[in-house]
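This report refers to the structure that appears directly beneath it.
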Amino acid sequence: MELVFSLLQQLSVYLVIAYLLSKTLLFMPLITVSGQLSQRIACYVVFSLFCILGTYFGLSIDNAIANTRAIGAVLGGLLGGPLVGFAVGLTGGLHRYSMGGFTDLACAISTTAEGLLGGLVHRYYFRRGLVDKIFKPRCAFTVLVVAEIMQMSIILLVAKPFDQALHLVQAIALPMVIANAFGAALFISIIQDRKAIYEKYSAAFSSKALKIAHRSVGILSEGFNQQSTKKIAQIIYEETGVGAVSITDRDKILAFIGIGADHHLPGTMISSDSTRRAINHKELIYADGYEIKYQCSLHDKCKLGAVLVIPLVGGEGQVLGTIKLYEAKQKLFSSLNRSLGEGLGKLLSNQILTGRYIEQQTLLLQAELRLLQAQVNPHFLFNALNTISAVIRKDPNQARDLIQHLSQFFRRNLKNNIERVTIKEELAHITSYLEVELTRFSDRLEIDFSVDQSILNVYVPTFTLQPLVENAIKHGTSTLLENGKISITGALIQRHNNPHVKLQVIDNAGTYLKKEEQSGLGLQIVNKRLQNTFGECFGLQMSCEKGEWTTAEIIFPLVNDPINRKS
């Protein structure tokens, strides 16, 4: 029993070192079984040191050493795998061999075998998807018992003389089994506790980050301004529980929520050195109020005593502004909120960039829409006025009707700044356009509408059909010596077991050139806007039988709301 207590006493020092090491970054790779090279190297270094320490802390008995070396070898294998276990055991064994004694070779062999045993247990659980079993104290206890029995057997087989080896084993076997088994279980418990703390910390971090991301999604698409940043600051303040939250641009405070809101007013110019430094040097600044003093630059009696300033970095590395988390005096920042603050900086930076991208896309769509309108208006207005001029003397009533249709057409043009309209609205727009064209071409143009009532309320991008009809007239029927005919059809079809809308504009000219460079700008814009709305696999398809017909066809998934999300 005296030897047991002596070994346990030595083990206490061993475990204290393990506990202190658990507070360092070197210990972090030990709480996971990733199989990465860095994790294996960390396991090798840490447990080789413990293997060697176990020998040094051992007790000299009959020219041999009763020790806790096996803990390092077995745990190195358990957490690092067979290769690491073998390497740790070999390192510890060679160190023991260098110290001499009649058991030196036996201990070198047994320590290597113990590391390999731990590695084989690791492989067994890893291949069966039972990695959590490795972190159970019961597992470490059991493996150490087996390992110590194996070590005693090797000593009996290898150490000479046998009588002396037998006497040694009888003296140290039970104490070493008890001490090492309990030591390994306690060591794994330390790792298990650190693992639980880390997972709890990660879960809390992830939960807060996900809540903030979920609640803030889309807000900054409204722009990086006082209204949107106030909403974001309120969300962060509620979710993190810090003393205050502020968001600035490069020059002034945009939003402030929490302690000190009476003097940190939106619109106030930035006067804080820490904020200026974060902006100018693209650097995260943390003034904890103790090691690095913090004093509010706006009010001497401000209750805020610590600040974390995170730069918001946009495209090309430019700092757009900052997000600042504050704590009151006498209250420390939690490490969770410090880490979360850094993540929030990246989150908001990405959201700002996304908002600006959406804004640019909106401007581009509006520009495309204006370009389509500009293409229609000049030459159509010129032709319409010429037609009305020719008709006005012969048939004033018809001229008055034409002016009314022309007025309706341009009124819809001015109104159509929105991105989506229903097919019914698009057909009404076409009708106003065609009334003028039918008069212009007199009896040489025939128009046929065949559109199912069931799709009239389906939304399409504005100016989807009108450019197709105009193209059919301008480059198709107007070139014919005989009468031209244009059919506008729309129907609901099944495609890939899902409802789709099919729209067609067909002329009887057959003059379309299939080369892409010959396609009009208007058709290219229509195709691009359809793909942006419904997806790359949808768009405008042109087909032609020369001298017979040209078909402009659009097929897209049935969507009954104006959002028209991509499929």
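Chain identifiers are assigned as A, B, and so on, following the order in which chains appear in the structure tokens; residues are numbered from 1 within each chain, and ligands are numbered from 1 in order of appearance.
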>> List as a PyMOL selection string the protein and nucleic acid residues near Thr229 in chain A, meaning an atom at most 8 Å away when only C-alpha atoms are counted, but skip any in the same chain fewer than 5 places from it.
In response: chain A and resi 220+224+247+254-255
From a DSSP pass on the backbone, collect the residues of range 506-561 of chain A flagged as strand (DSSP E or B) and hand them back as a compact mmCIF listing (two decimals) with C-alpha atoms, in the first residue's frame.
# COMPACT_ATOMS: atom_id res chain seq x y z
CA ILE A 506 -44.67 33.79 -84.43
CA ASP A 507 -44.41 35.64 -87.75
CA LEU A 540 -35.58 33.44 -75.03
CA GLN A 541 -35.33 30.76 -77.73
CA MET A 542 -35.40 31.80 -81.38
CA SER A 543 -36.11 29.37 -84.22
CA CYS A 544 -36.66 29.96 -87.92
CA GLU A 545 -37.67 28.21 -91.12
CA TRP A 549 -41.79 31.41 -90.14
CA THR A 550 -39.84 32.76 -87.18
CA THR A 551 -40.74 31.84 -83.60
CA ALA A 552 -39.66 33.64 -80.45
CA GLU A 553 -40.42 31.28 -77.55
CA ILE A 554 -40.29 31.78 -73.79
CA ILE A 555 -40.82 28.98 -71.27
CA PHE A 556 -40.56 29.57 -67.53
CA PRO A 557 -41.84 27.95 -64.32
>> Neighbouring residues of Gly101 in chain A were defined as those with any atom within 7 Å, considering only C-alpha atoms; residues of the same chain fewer than 2 positions away were excluded. Please report them as a ChimeraX atom specification.
In response: /A:63-64,99,103-104
Would you save the residues from that selection as a JSON list (two decimals), in the first residue's frame, using N, CA, C and O atoms?
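Written out: result-v3.json:
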[["chain", "number", "residue", "atom", "x", "y", "z"],
["A", 63, "ASN", "N", 16.72, -1.72, -8.60],
["A", 63, "ASN", "CA", 17.38, -1.41, -9.87],
["A", 63, "ASN", "C", 16.38, -1.32, -11.03],
["A", 63, "ASN", "O", 16.70, -1.59, -12.18],
["A", 64, "ALA", "N", 15.11, -0.97, -10.69],
["A", 64, "ALA", "CA", 14.06, -0.75, -11.69],
["A", 64, "ALA", "C", 13.28, 0.49, -11.25],
["A", 64, "ALA", "O", 13.56, 1.08, -10.21],
["A", 99, "MET", "N", 18.32, 5.00, -19.47],
["A", 99, "MET", "CA", 18.57, 5.13, -18.03],
["A", 99, "MET", "C", 19.12, 3.84, -17.42],
["A", 99, "MET", "O", 19.49, 3.80, -16.25],
["A", 103, "THR", "N", 15.75, -3.96, -16.29],
["A", 103, "THR", "CA", 14.48, -3.98, -17.03],
["A", 103, "THR", "C", 14.47, -2.97, -18.18],
["A", 103, "THR", "O", 13.41, -2.69, -18.75],
["A", 104, "ASP", "N", 15.64, -2.40, -18.52],
["A", 104, "ASP", "CA", 15.64, -1.33, -19.52],
["A", 104, "ASP", "C", 15.06, -1.77, -20.86],
["A", 104, "ASP", "O", 14.20, -1.11, -21.44]]
>> For a test of reading the model, state the distance in Å between CA of Ile109 in chain A and CA of Gly93 in chain A, rounded to one decimal.
In response: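 We find that CA of Ile109 in chain A and CA of Gly93 in chain A lie 6.6 Å from each other.
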> Counting only C-alpha atoms, what is within 9 Å of range 177-189 of chain A, bar same-chain residues fewer than 4 positions away, as a ChimeraX atom specification?
Replying inline: /A:4-5,7-8,11-12,14-15,18-19,67-72,74-75,134-149,172-173,193-194
>> Can you pull out every residue from range 53-215 of chain A that DSSP, working from the backbone, puts in alpha helix (DSSP H), and format the result as JSON, numbers by chain?
In response: {"A": [53, 54, 55, 56, 69, 70, 71, 72, 73, 74, 75, 76, 77, 78, 79, 80, 82, 83, 84, 85, 86, 87, 88, 89, 90, 91, 92, 93, 94, 95, 96, 97, 98, 104, 105, 106, 107, 108, 109, 110, 111, 112, 113, 114, 115, 116, 117, 118, 119, 120, 121, 122, 123, 124, 125, 126, 127, 137, 138, 139, 140, 141, 142, 143, 144, 145, 146, 147, 148, 149, 150, 151, 152, 153, 154, 155, 156, 157, 158, 162, 163, 164, 165, 166, 167, 168, 169, 170, 171, 172, 173, 174, 175, 176, 177, 178, 179, 180, 181, 182, 183, 184, 185, 186, 187, 188, 189, 190, 191, 192, 193, 194, 195, 196, 197, 198, 199, 200, 201, 202, 203, 204, 205, 206, 207, 208, 209, 210, 211, 212, 213, 214, 215]}
> If you count only C-alpha atoms, which residues fall within 12 Å of range 445-457 of chain A, apart from same-chain ones fewer than 6 positions away, as a ChimeraX atom specification?
Replying inline: /A:420-428,430-431,433-439,469,472-474,476-493,499-509,556-562
